[in-house]
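Input: a single structure, listed below in structure tokens.
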Amino acid sequence: MLQVKVKNLLKKQHYELVGEHSAVQVCRWTKKSLRDEGVCYKEKFYGIKSHLCCQMTPSLYCPNQCVHCWRAIEYTTGDRIPDKINSPKGIIDGCIKAQRRLLQGFKVNEKSSKKQLSKANQKKYNEAQEPMQFAISLSGEPTIYPYLGELIKELNKKGKTSFLVTNGLYPEKIKELNEKGQLPTQLYVSINAPNEKLYKKFHHSIKKDAWKKLNETLEIINRLSCRTVFRINLVKELNMGDKLIREYANLIKKSKPNFIEVKGYMAVGNARKRLGYERMPTHEDIKEFSKKLAKELDSKNYKILDEHEHSRVVVLGKDKEELKIR
């Protein structure tokens, strides 16, 4: 069970806990979209509606302690869920109810004579009561949750899309999802280091065979039937030197993802204590790195398709028309 001090810390960071090991947090882009102030790069790239997105996790635990992570990882490091395991339906229903509670401040009471503080688009607010996209990526490592496939299948039954983000350390779970037809709409694998030495420096994993397991996952994803994304989070003076580009390219050639996302580290949350602000790449840094990466790869398969300057992210792929999820 999560310690009381951890629960209090998560609540202070505006998490809504669901059951014993899951959580929801409303993304700032969901809030911006509700106020018609912009949308996240996932909407710009893939067509996912920001105001209909539920950012959640079925596992607050993770075997890694990545230096760029903004979460309270010091308190939730682990390679299994130590508590009672909650059901997929219970987690989904709990996440939707939690999201509704977190969004209550955006509601305008039209019958009230008092001045309304909310500037939210009420049509969007009403739509947001039933999120249609689940970003299974909030915190922890979702593939630790033993019923992840059933959770994704339940989302599919409800007509919802799902983006699953994994650190790639559980290839057996990815194999299981594939064999049982329980893959998400889009699978992200986070690769923040192109060689084992740098991987250990960046991730501080408690799994001794972490680099081996990640590479096993990369060998699997080119055979999956769902959309796949190779995601690189770049930190200045750590994992974005020109000499590393060929090594990243070799991993990409092995995994053959549909898309590559190159994103800059953001100094938020606990990451500020480890890396500070000066290690954040600019958007121009990200674009320059992406151009060099595309040049190293086969230009027939990977070229820059789009960018989102505010989030400092660039997406590469074969065809821009393939980006949007239909």
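A note on labels: chains of the structure tokens are A, B, ... as shown, every chain counts residues from 1, and ligands are counted from 1 in their shown order.
The list of residues with at least one atom within 9 Å of region 94-99 of chain A, based on only C-alpha atoms and without residues fewer than 3 positions apart in the same chain, reads Glu16, Leu17, Val18, Gly19, Ser22, Ala23, Val24, Gln25, Val26, Cys54, Gln55, Met56, Lys89, Gly90, Ile91, Leu102, Leu103, Gln104, Ala128, Gln129, Glu130 and Pro131 of chain A.
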Writer output for current selection, all heavy atoms, as a compact mmCIF listing (two decimals), in the first residue's frame:
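Everything below was put into again.txt:
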```
# COMPACT_ATOMS: atom_id res chain seq x y z
N GLU A 16 -5.27 12.48 -8.59
CA GLU A 16 -6.43 11.88 -7.93
C GLU A 16 -6.15 10.38 -7.92
O GLU A 16 -6.03 9.75 -8.98
CB GLU A 16 -7.71 12.19 -8.72
CG GLU A 16 -8.98 11.68 -8.08
CD GLU A 16 -9.57 12.63 -7.03
OE1 GLU A 16 -9.15 13.79 -6.97
OE2 GLU A 16 -10.47 12.18 -6.30
N LEU A 17 -6.02 9.81 -6.74
CA LEU A 17 -5.70 8.38 -6.62
C LEU A 17 -6.94 7.55 -6.91
O LEU A 17 -8.05 7.90 -6.50
CB LEU A 17 -5.15 8.08 -5.23
CG LEU A 17 -3.85 8.81 -4.86
CD1 LEU A 17 -3.45 8.48 -3.43
CD2 LEU A 17 -2.73 8.43 -5.82
N VAL A 18 -6.73 6.45 -7.59
CA VAL A 18 -7.81 5.54 -7.96
C VAL A 18 -7.45 4.15 -7.45
O VAL A 18 -6.45 3.56 -7.89
CB VAL A 18 -8.04 5.51 -9.48
CG1 VAL A 18 -9.12 4.49 -9.85
CG2 VAL A 18 -8.40 6.90 -10.00
N GLY A 19 -8.24 3.62 -6.53
CA GLY A 19 -7.94 2.31 -5.98
C GLY A 19 -6.62 2.28 -5.25
O GLY A 19 -6.20 3.26 -4.63
N SER A 22 -3.49 3.07 -8.86
CA SER A 22 -3.72 3.84 -10.09
C SER A 22 -3.93 5.31 -9.76
O SER A 22 -4.17 5.67 -8.60
CB SER A 22 -4.93 3.30 -10.84
OG SER A 22 -4.78 1.92 -11.10
N ALA A 23 -3.84 6.15 -10.79
CA ALA A 23 -4.01 7.58 -10.56
C ALA A 23 -4.37 8.31 -11.85
O ALA A 23 -4.14 7.81 -12.95
CB ALA A 23 -2.73 8.19 -9.97
N VAL A 24 -4.94 9.50 -11.67
CA VAL A 24 -5.31 10.40 -12.77
C VAL A 24 -4.75 11.78 -12.43
O VAL A 24 -4.71 12.17 -11.26
CB VAL A 24 -6.84 10.51 -12.93
CG1 VAL A 24 -7.22 11.62 -13.89
CG2 VAL A 24 -7.42 9.20 -13.41
N GLN A 25 -4.31 12.50 -13.44
CA GLN A 25 -3.96 13.90 -13.29
C GLN A 25 -4.37 14.62 -14.56
O GLN A 25 -4.05 14.16 -15.66
CB GLN A 25 -2.46 14.08 -13.05
CG GLN A 25 -2.07 15.52 -12.72
CD GLN A 25 -0.56 15.71 -12.67
OE1 GLN A 25 0.14 15.33 -13.60
NE2 GLN A 25 -0.07 16.30 -11.59
N VAL A 26 -5.09 15.72 -14.44
CA VAL A 26 -5.53 16.45 -15.62
C VAL A 26 -4.35 17.18 -16.24
O VAL A 26 -3.70 18.00 -15.59
CB VAL A 26 -6.66 17.45 -15.29
CG1 VAL A 26 -7.07 18.21 -16.54
CG2 VAL A 26 -7.86 16.72 -14.70
N CYS A 54 -7.86 11.46 -21.05
CA CYS A 54 -7.70 11.12 -19.63
C CYS A 54 -6.27 10.62 -19.45
O CYS A 54 -5.90 9.56 -19.93
CB CYS A 54 -8.70 10.05 -19.21
SG CYS A 54 -8.56 9.55 -17.49
N GLN A 55 -5.46 11.41 -18.73
CA GLN A 55 -4.07 11.05 -18.48
C GLN A 55 -4.01 10.23 -17.20
O GLN A 55 -4.29 10.74 -16.12
CB GLN A 55 -3.24 12.35 -18.34
CG GLN A 55 -1.77 12.12 -18.10
CD GLN A 55 -1.03 13.43 -17.89
OE1 GLN A 55 -0.01 13.67 -18.51
NE2 GLN A 55 -1.52 14.30 -17.00
N MET A 56 -3.66 8.94 -17.31
CA MET A 56 -3.76 8.06 -16.15
C MET A 56 -2.67 6.99 -16.16
O MET A 56 -1.92 6.86 -17.13
CB MET A 56 -5.14 7.39 -16.13
CG MET A 56 -5.55 6.64 -17.39
SD MET A 56 -4.79 4.98 -17.60
CE MET A 56 -5.56 4.06 -16.25
N LYS A 89 -11.99 -2.82 -15.10
CA LYS A 89 -13.23 -2.02 -15.13
C LYS A 89 -13.26 -1.04 -13.97
O LYS A 89 -13.67 0.12 -14.13
CB LYS A 89 -14.45 -2.94 -15.08
CG LYS A 89 -15.77 -2.18 -15.29
CD LYS A 89 -16.95 -3.12 -15.31
CE LYS A 89 -18.25 -2.37 -15.64
NZ LYS A 89 -18.51 -1.25 -14.71
N GLY A 90 -12.83 -1.49 -12.80
CA GLY A 90 -12.81 -0.62 -11.63
C GLY A 90 -11.87 0.56 -11.83
O GLY A 90 -12.17 1.69 -11.43
N ILE A 91 -10.73 0.30 -12.48
CA ILE A 91 -9.76 1.37 -12.74
C ILE A 91 -10.32 2.36 -13.75
O ILE A 91 -10.25 3.58 -13.54
CB ILE A 91 -8.42 0.78 -13.24
CG1 ILE A 91 -7.73 0.00 -12.12
CG2 ILE A 91 -7.51 1.88 -13.77
CD1 ILE A 91 -6.49 -0.76 -12.56
N LEU A 102 -11.96 16.35 -10.88
CA LEU A 102 -10.86 17.30 -11.10
C LEU A 102 -11.25 18.44 -12.03
O LEU A 102 -10.65 19.51 -12.00
CB LEU A 102 -9.64 16.56 -11.66
CG LEU A 102 -8.93 15.60 -10.70
CD1 LEU A 102 -7.94 14.72 -11.45
CD2 LEU A 102 -8.21 16.38 -9.60
N LEU A 103 -12.26 18.21 -12.86
CA LEU A 103 -12.69 19.21 -13.83
C LEU A 103 -13.85 20.09 -13.33
O LEU A 103 -14.29 20.98 -14.05
CB LEU A 103 -13.11 18.54 -15.14
CG LEU A 103 -12.00 17.86 -15.96
CD1 LEU A 103 -12.60 17.19 -17.20
CD2 LEU A 103 -10.92 18.85 -16.36
N GLN A 104 -14.30 19.85 -12.13
CA GLN A 104 -15.49 20.56 -11.63
C GLN A 104 -15.33 22.08 -11.65
O GLN A 104 -16.30 22.82 -11.85
CB GLN A 104 -15.83 20.09 -10.21
CG GLN A 104 -16.51 18.74 -10.18
CD GLN A 104 -16.79 18.25 -8.77
OE1 GLN A 104 -16.28 18.81 -7.81
NE2 GLN A 104 -17.59 17.21 -8.65
N ALA A 128 -16.22 16.58 -22.13
CA ALA A 128 -15.12 16.04 -21.33
C ALA A 128 -15.58 15.15 -20.18
O ALA A 128 -14.75 14.46 -19.57
CB ALA A 128 -14.27 17.19 -20.79
N GLN A 129 -16.87 15.15 -19.90
CA GLN A 129 -17.38 14.27 -18.84
C GLN A 129 -17.23 12.79 -19.21
O GLN A 129 -17.26 11.92 -18.35
CB GLN A 129 -18.85 14.60 -18.55
CG GLN A 129 -19.08 16.03 -18.07
CD GLN A 129 -18.21 16.40 -16.89
OE1 GLN A 129 -18.32 15.80 -15.82
NE2 GLN A 129 -17.34 17.38 -17.08
N GLU A 130 -17.06 12.54 -20.50
CA GLU A 130 -16.84 11.16 -20.96
C GLU A 130 -15.58 11.15 -21.84
O GLU A 130 -15.66 11.28 -23.06
CB GLU A 130 -18.03 10.65 -21.76
CG GLU A 130 -17.94 9.17 -22.14
CD GLU A 130 -17.87 8.24 -20.94
OE1 GLU A 130 -18.57 8.50 -19.93
OE2 GLU A 130 -17.10 7.27 -21.00
N PRO A 131 -14.39 11.04 -21.23
CA PRO A 131 -13.14 11.05 -22.01
C PRO A 131 -13.11 9.90 -23.01
O PRO A 131 -13.54 8.78 -22.70
CB PRO A 131 -12.05 10.90 -20.94
CG PRO A 131 -12.74 10.33 -19.74
CD PRO A 131 -14.13 10.84 -19.79
```
Distance query Pro194 (chain A) at most 12 Å, only C-alpha atoms, self and fewer than 4 positions along chain excluded, as a compact mmCIF listing (two decimals) with all heavy atoms, in the first residue's frame:
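The file below, part-v8.txt, is the result:
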```
# COMPACT_ATOMS: atom_id res chain seq x y z
N SER A 190 9.92 4.45 -24.83
CA SER A 190 10.83 5.54 -24.51
C SER A 190 12.27 5.05 -24.54
O SER A 190 12.64 4.14 -23.80
CB SER A 190 10.51 6.10 -23.12
OG SER A 190 9.26 6.75 -23.12
N LEU A 198 25.40 4.75 -21.27
CA LEU A 198 24.60 5.95 -21.07
C LEU A 198 23.23 5.60 -20.49
O LEU A 198 22.67 6.36 -19.70
CB LEU A 198 24.44 6.70 -22.40
CG LEU A 198 23.75 8.07 -22.34
CD1 LEU A 198 24.42 8.98 -21.32
CD2 LEU A 198 23.74 8.71 -23.71
N TYR A 199 22.71 4.43 -20.88
CA TYR A 199 21.41 3.99 -20.35
C TYR A 199 21.46 3.91 -18.81
O TYR A 199 20.56 4.39 -18.12
CB TYR A 199 21.03 2.63 -20.93
CG TYR A 199 19.67 2.14 -20.48
CD1 TYR A 199 18.53 2.42 -21.25
CD2 TYR A 199 19.51 1.45 -19.28
CE1 TYR A 199 17.28 2.01 -20.82
CE2 TYR A 199 18.26 1.04 -18.85
CZ TYR A 199 17.15 1.32 -19.64
OH TYR A 199 15.90 0.92 -19.21
N LYS A 200 22.51 3.31 -18.30
CA LYS A 200 22.63 3.17 -16.84
C LYS A 200 22.73 4.53 -16.16
O LYS A 200 22.16 4.75 -15.09
CB LYS A 200 23.84 2.32 -16.51
CG LYS A 200 23.68 0.84 -16.87
CD LYS A 200 24.93 0.05 -16.55
CE LYS A 200 24.74 -1.43 -16.89
NZ LYS A 200 25.97 -2.21 -16.61
N LYS A 201 23.43 5.45 -16.77
CA LYS A 201 23.61 6.79 -16.22
C LYS A 201 22.29 7.56 -16.23
O LYS A 201 22.03 8.36 -15.32
CB LYS A 201 24.67 7.53 -17.04
CG LYS A 201 25.02 8.92 -16.51
CD LYS A 201 26.12 9.55 -17.34
CE LYS A 201 26.49 10.95 -16.81
NZ LYS A 201 27.56 11.57 -17.61
N PHE A 202 21.48 7.34 -17.25
CA PHE A 202 20.22 8.08 -17.42
C PHE A 202 19.10 7.49 -16.58
O PHE A 202 18.31 8.22 -15.98
CB PHE A 202 19.83 8.07 -18.90
CG PHE A 202 18.79 9.08 -19.28
CD1 PHE A 202 19.15 10.26 -19.93
CD2 PHE A 202 17.44 8.88 -19.00
CE1 PHE A 202 18.20 11.20 -20.29
CE2 PHE A 202 16.49 9.81 -19.34
CZ PHE A 202 16.87 10.98 -20.00
N TRP A 211 18.95 -3.04 -20.06
CA TRP A 211 19.35 -2.75 -21.44
C TRP A 211 19.00 -3.92 -22.36
O TRP A 211 18.51 -3.72 -23.48
CB TRP A 211 20.83 -2.43 -21.49
CG TRP A 211 21.36 -2.16 -22.86
CD1 TRP A 211 22.22 -2.93 -23.59
CD2 TRP A 211 21.05 -1.04 -23.71
NE1 TRP A 211 22.48 -2.37 -24.82
CE2 TRP A 211 21.78 -1.20 -24.91
CE3 TRP A 211 20.24 0.08 -23.56
CZ2 TRP A 211 21.70 -0.28 -25.96
CZ3 TRP A 211 20.17 1.00 -24.61
CH2 TRP A 211 20.89 0.82 -25.78
N LEU A 214 15.18 -3.94 -22.91
CA LEU A 214 14.76 -2.88 -23.82
C LEU A 214 15.00 -3.30 -25.27
O LEU A 214 14.14 -3.10 -26.14
CB LEU A 214 15.52 -1.59 -23.52
CG LEU A 214 15.33 -0.45 -24.51
CD1 LEU A 214 13.87 -0.02 -24.59
CD2 LEU A 214 16.21 0.75 -24.15
N ASN A 215 16.15 -3.88 -25.53
CA ASN A 215 16.47 -4.30 -26.90
C ASN A 215 15.58 -5.45 -27.37
O ASN A 215 15.26 -5.54 -28.55
CB ASN A 215 17.95 -4.68 -27.00
CG ASN A 215 18.84 -3.46 -27.19
OD1 ASN A 215 19.07 -3.02 -28.31
ND2 ASN A 215 19.32 -2.91 -26.10
N LEU A 218 12.51 -3.72 -28.56
CA LEU A 218 12.72 -3.08 -29.85
C LEU A 218 12.67 -4.09 -31.00
O LEU A 218 12.25 -3.76 -32.11
CB LEU A 218 14.07 -2.34 -29.85
CG LEU A 218 14.16 -1.12 -28.91
CD1 LEU A 218 15.54 -0.49 -29.00
CD2 LEU A 218 13.08 -0.10 -29.22
N PHE A 230 8.77 5.49 -31.54
CA PHE A 230 10.07 5.47 -30.88
C PHE A 230 10.27 6.88 -30.32
O PHE A 230 10.42 7.83 -31.07
CB PHE A 230 11.13 5.14 -31.94
CG PHE A 230 12.54 4.93 -31.44
CD1 PHE A 230 13.11 3.66 -31.46
CD2 PHE A 230 13.32 5.99 -31.01
CE1 PHE A 230 14.43 3.46 -31.05
CE2 PHE A 230 14.63 5.81 -30.60
CZ PHE A 230 15.18 4.53 -30.63
N ARG A 231 10.23 7.02 -28.99
CA ARG A 231 10.30 8.36 -28.38
C ARG A 231 11.66 8.59 -27.72
O ARG A 231 12.12 7.76 -26.93
CB ARG A 231 9.22 8.55 -27.34
CG ARG A 231 9.35 9.87 -26.59
CD ARG A 231 8.38 9.97 -25.44
NE ARG A 231 7.08 10.45 -25.91
CZ ARG A 231 6.03 10.59 -25.11
NH1 ARG A 231 6.11 10.24 -23.85
NH2 ARG A 231 4.89 11.03 -25.58
N ILE A 232 12.28 9.72 -28.07
CA ILE A 232 13.56 10.12 -27.47
C ILE A 232 13.34 11.41 -26.68
O ILE A 232 12.85 12.40 -27.23
CB ILE A 232 14.64 10.36 -28.54
CG1 ILE A 232 14.74 9.17 -29.50
CG2 ILE A 232 15.98 10.62 -27.88
CD1 ILE A 232 15.65 9.43 -30.70
N ASN A 233 13.70 11.41 -25.41
CA ASN A 233 13.66 12.62 -24.60
C ASN A 233 15.10 13.13 -24.46
O ASN A 233 15.95 12.43 -23.89
CB ASN A 233 13.08 12.33 -23.21
CG ASN A 233 11.59 12.05 -23.27
OD1 ASN A 233 10.79 12.96 -23.43
ND2 ASN A 233 11.22 10.78 -23.16
N LEU A 234 15.37 14.32 -24.96
CA LEU A 234 16.74 14.82 -25.01
C LEU A 234 17.05 15.80 -23.88
O LEU A 234 16.26 16.68 -23.57
CB LEU A 234 16.98 15.50 -26.35
CG LEU A 234 16.92 14.58 -27.59
CD1 LEU A 234 17.12 15.40 -28.86
CD2 LEU A 234 17.96 13.48 -27.50
N LEU A 238 23.94 15.51 -22.07
CA LEU A 238 23.75 14.16 -21.54
C LEU A 238 23.53 13.14 -22.65
O LEU A 238 24.34 12.23 -22.83
CB LEU A 238 22.58 14.13 -20.54
CG LEU A 238 22.30 12.77 -19.88
CD1 LEU A 238 23.54 12.26 -19.16
CD2 LEU A 238 21.14 12.89 -18.90
N ASN A 239 22.45 13.30 -23.43
CA ASN A 239 22.12 12.24 -24.40
C ASN A 239 21.81 12.75 -25.80
O ASN A 239 21.13 12.08 -26.57
CB ASN A 239 20.93 11.42 -23.87
CG ASN A 239 19.64 12.22 -23.84
OD1 ASN A 239 19.66 13.44 -23.81
ND2 ASN A 239 18.51 11.52 -23.85
N MET A 240 22.30 13.95 -26.15
CA MET A 240 21.96 14.49 -27.46
C MET A 240 23.17 14.94 -28.29
O MET A 240 23.04 15.73 -29.20
CB MET A 240 20.95 15.63 -27.32
CG MET A 240 21.43 16.84 -26.56
SD MET A 240 20.12 18.11 -26.40
CE MET A 240 19.81 18.54 -28.11
N GLY A 241 24.34 14.40 -27.98
CA GLY A 241 25.52 14.74 -28.77
C GLY A 241 25.45 14.16 -30.17
O GLY A 241 24.83 13.12 -30.41
N ASP A 242 26.08 14.83 -31.12
CA ASP A 242 26.07 14.38 -32.52
C ASP A 242 26.63 12.96 -32.68
O ASP A 242 26.20 12.21 -33.55
CB ASP A 242 26.89 15.34 -33.39
CG ASP A 242 26.17 16.67 -33.62
OD1 ASP A 242 24.99 16.77 -33.22
OD2 ASP A 242 26.78 17.58 -34.19
N LYS A 243 27.58 12.61 -31.82
CA LYS A 243 28.20 11.28 -31.92
C LYS A 243 27.22 10.15 -31.60
O LYS A 243 27.47 9.00 -31.94
CB LYS A 243 29.40 11.21 -30.99
CG LYS A 243 30.56 12.13 -31.39
CD LYS A 243 31.72 12.00 -30.41
CE LYS A 243 32.87 12.92 -30.82
NZ LYS A 243 34.01 12.85 -29.86
N LEU A 244 26.11 10.51 -30.93
CA LEU A 244 25.14 9.48 -30.53
C LEU A 244 24.07 9.23 -31.59
O LEU A 244 23.35 8.24 -31.51
CB LEU A 244 24.45 9.91 -29.23
CG LEU A 244 25.35 10.11 -28.00
CD1 LEU A 244 24.53 10.65 -26.84
CD2 LEU A 244 26.03 8.80 -27.61
N ILE A 245 23.99 10.11 -32.57
CA ILE A 245 22.91 10.03 -33.55
C ILE A 245 22.94 8.72 -34.33
O ILE A 245 21.90 8.09 -34.54
CB ILE A 245 22.96 11.25 -34.50
CG1 ILE A 245 22.54 12.51 -33.74
CG2 ILE A 245 22.05 11.04 -35.71
CD1 ILE A 245 22.64 13.79 -34.52
N ARG A 246 24.10 8.28 -34.74
CA ARG A 246 24.19 7.01 -35.48
C ARG A 246 23.72 5.84 -34.62
O ARG A 246 23.07 4.92 -35.12
CB ARG A 246 25.62 6.78 -35.95
CG ARG A 246 25.81 5.46 -36.72
CD ARG A 246 27.10 5.42 -37.48
NE ARG A 246 27.08 6.38 -38.59
CZ ARG A 246 28.08 6.52 -39.44
NH1 ARG A 246 29.19 5.80 -39.31
NH2 ARG A 246 27.99 7.39 -40.43
N GLU A 247 24.02 5.89 -33.32
CA GLU A 247 23.60 4.80 -32.43
C GLU A 247 22.08 4.80 -32.27
O GLU A 247 21.45 3.74 -32.25
CB GLU A 247 24.28 4.95 -31.06
CG GLU A 247 25.78 4.71 -31.10
CD GLU A 247 26.40 4.81 -29.72
OE1 GLU A 247 26.31 3.83 -28.96
OE2 GLU A 247 26.97 5.88 -29.40
N TYR A 248 21.48 5.98 -32.15
CA TYR A 248 20.01 6.06 -32.11
C TYR A 248 19.44 5.50 -33.42
O TYR A 248 18.46 4.74 -33.41
CB TYR A 248 19.54 7.51 -31.95
CG TYR A 248 19.60 8.06 -30.55
CD1 TYR A 248 20.44 9.13 -30.24
CD2 TYR A 248 18.79 7.55 -29.53
CE1 TYR A 248 20.48 9.66 -28.95
CE2 TYR A 248 18.82 8.08 -28.25
CZ TYR A 248 19.69 9.14 -27.97
OH TYR A 248 19.72 9.65 -26.70
N ALA A 249 20.05 5.88 -34.52
CA ALA A 249 19.56 5.43 -35.83
C ALA A 249 19.60 3.92 -35.95
O ALA A 249 18.69 3.30 -36.52
CB ALA A 249 20.39 6.08 -36.93
N ASN A 250 20.63 3.29 -35.40
CA ASN A 250 20.74 1.82 -35.46
C ASN A 250 19.61 1.16 -34.68
O ASN A 250 19.06 0.13 -35.12
CB ASN A 250 22.09 1.38 -34.90
CG ASN A 250 23.25 1.71 -35.84
OD1 ASN A 250 23.05 1.87 -37.04
ND2 ASN A 250 24.44 1.83 -35.29
N LEU A 251 19.23 1.73 -33.54
CA LEU A 251 18.11 1.18 -32.76
C LEU A 251 16.79 1.36 -33.51
O LEU A 251 15.92 0.49 -33.48
CB LEU A 251 18.02 1.87 -31.39
CG LEU A 251 19.18 1.63 -30.42
CD1 LEU A 251 18.95 2.40 -29.13
CD2 LEU A 251 19.36 0.14 -30.13
N ILE A 252 16.66 2.49 -34.20
CA ILE A 252 15.45 2.75 -34.98
C ILE A 252 15.35 1.78 -36.15
O ILE A 252 14.27 1.25 -36.44
CB ILE A 252 15.43 4.22 -35.47
CG1 ILE A 252 15.25 5.16 -34.28
CG2 ILE A 252 14.32 4.45 -36.49
CD1 ILE A 252 15.56 6.61 -34.59
```
Looking at A:Thr166, A:Asn222, A:Ser299, A:Ser311, which one is nearest to Ile144 (chain A), with distances taken over only C-alpha atoms? A:Thr166
Minimum-distance residue to Arg312 (chain A), chosen among A:Val229, A:Ile81, A:Ile325, A:Val262 (using only C-alpha atoms): A:Val262
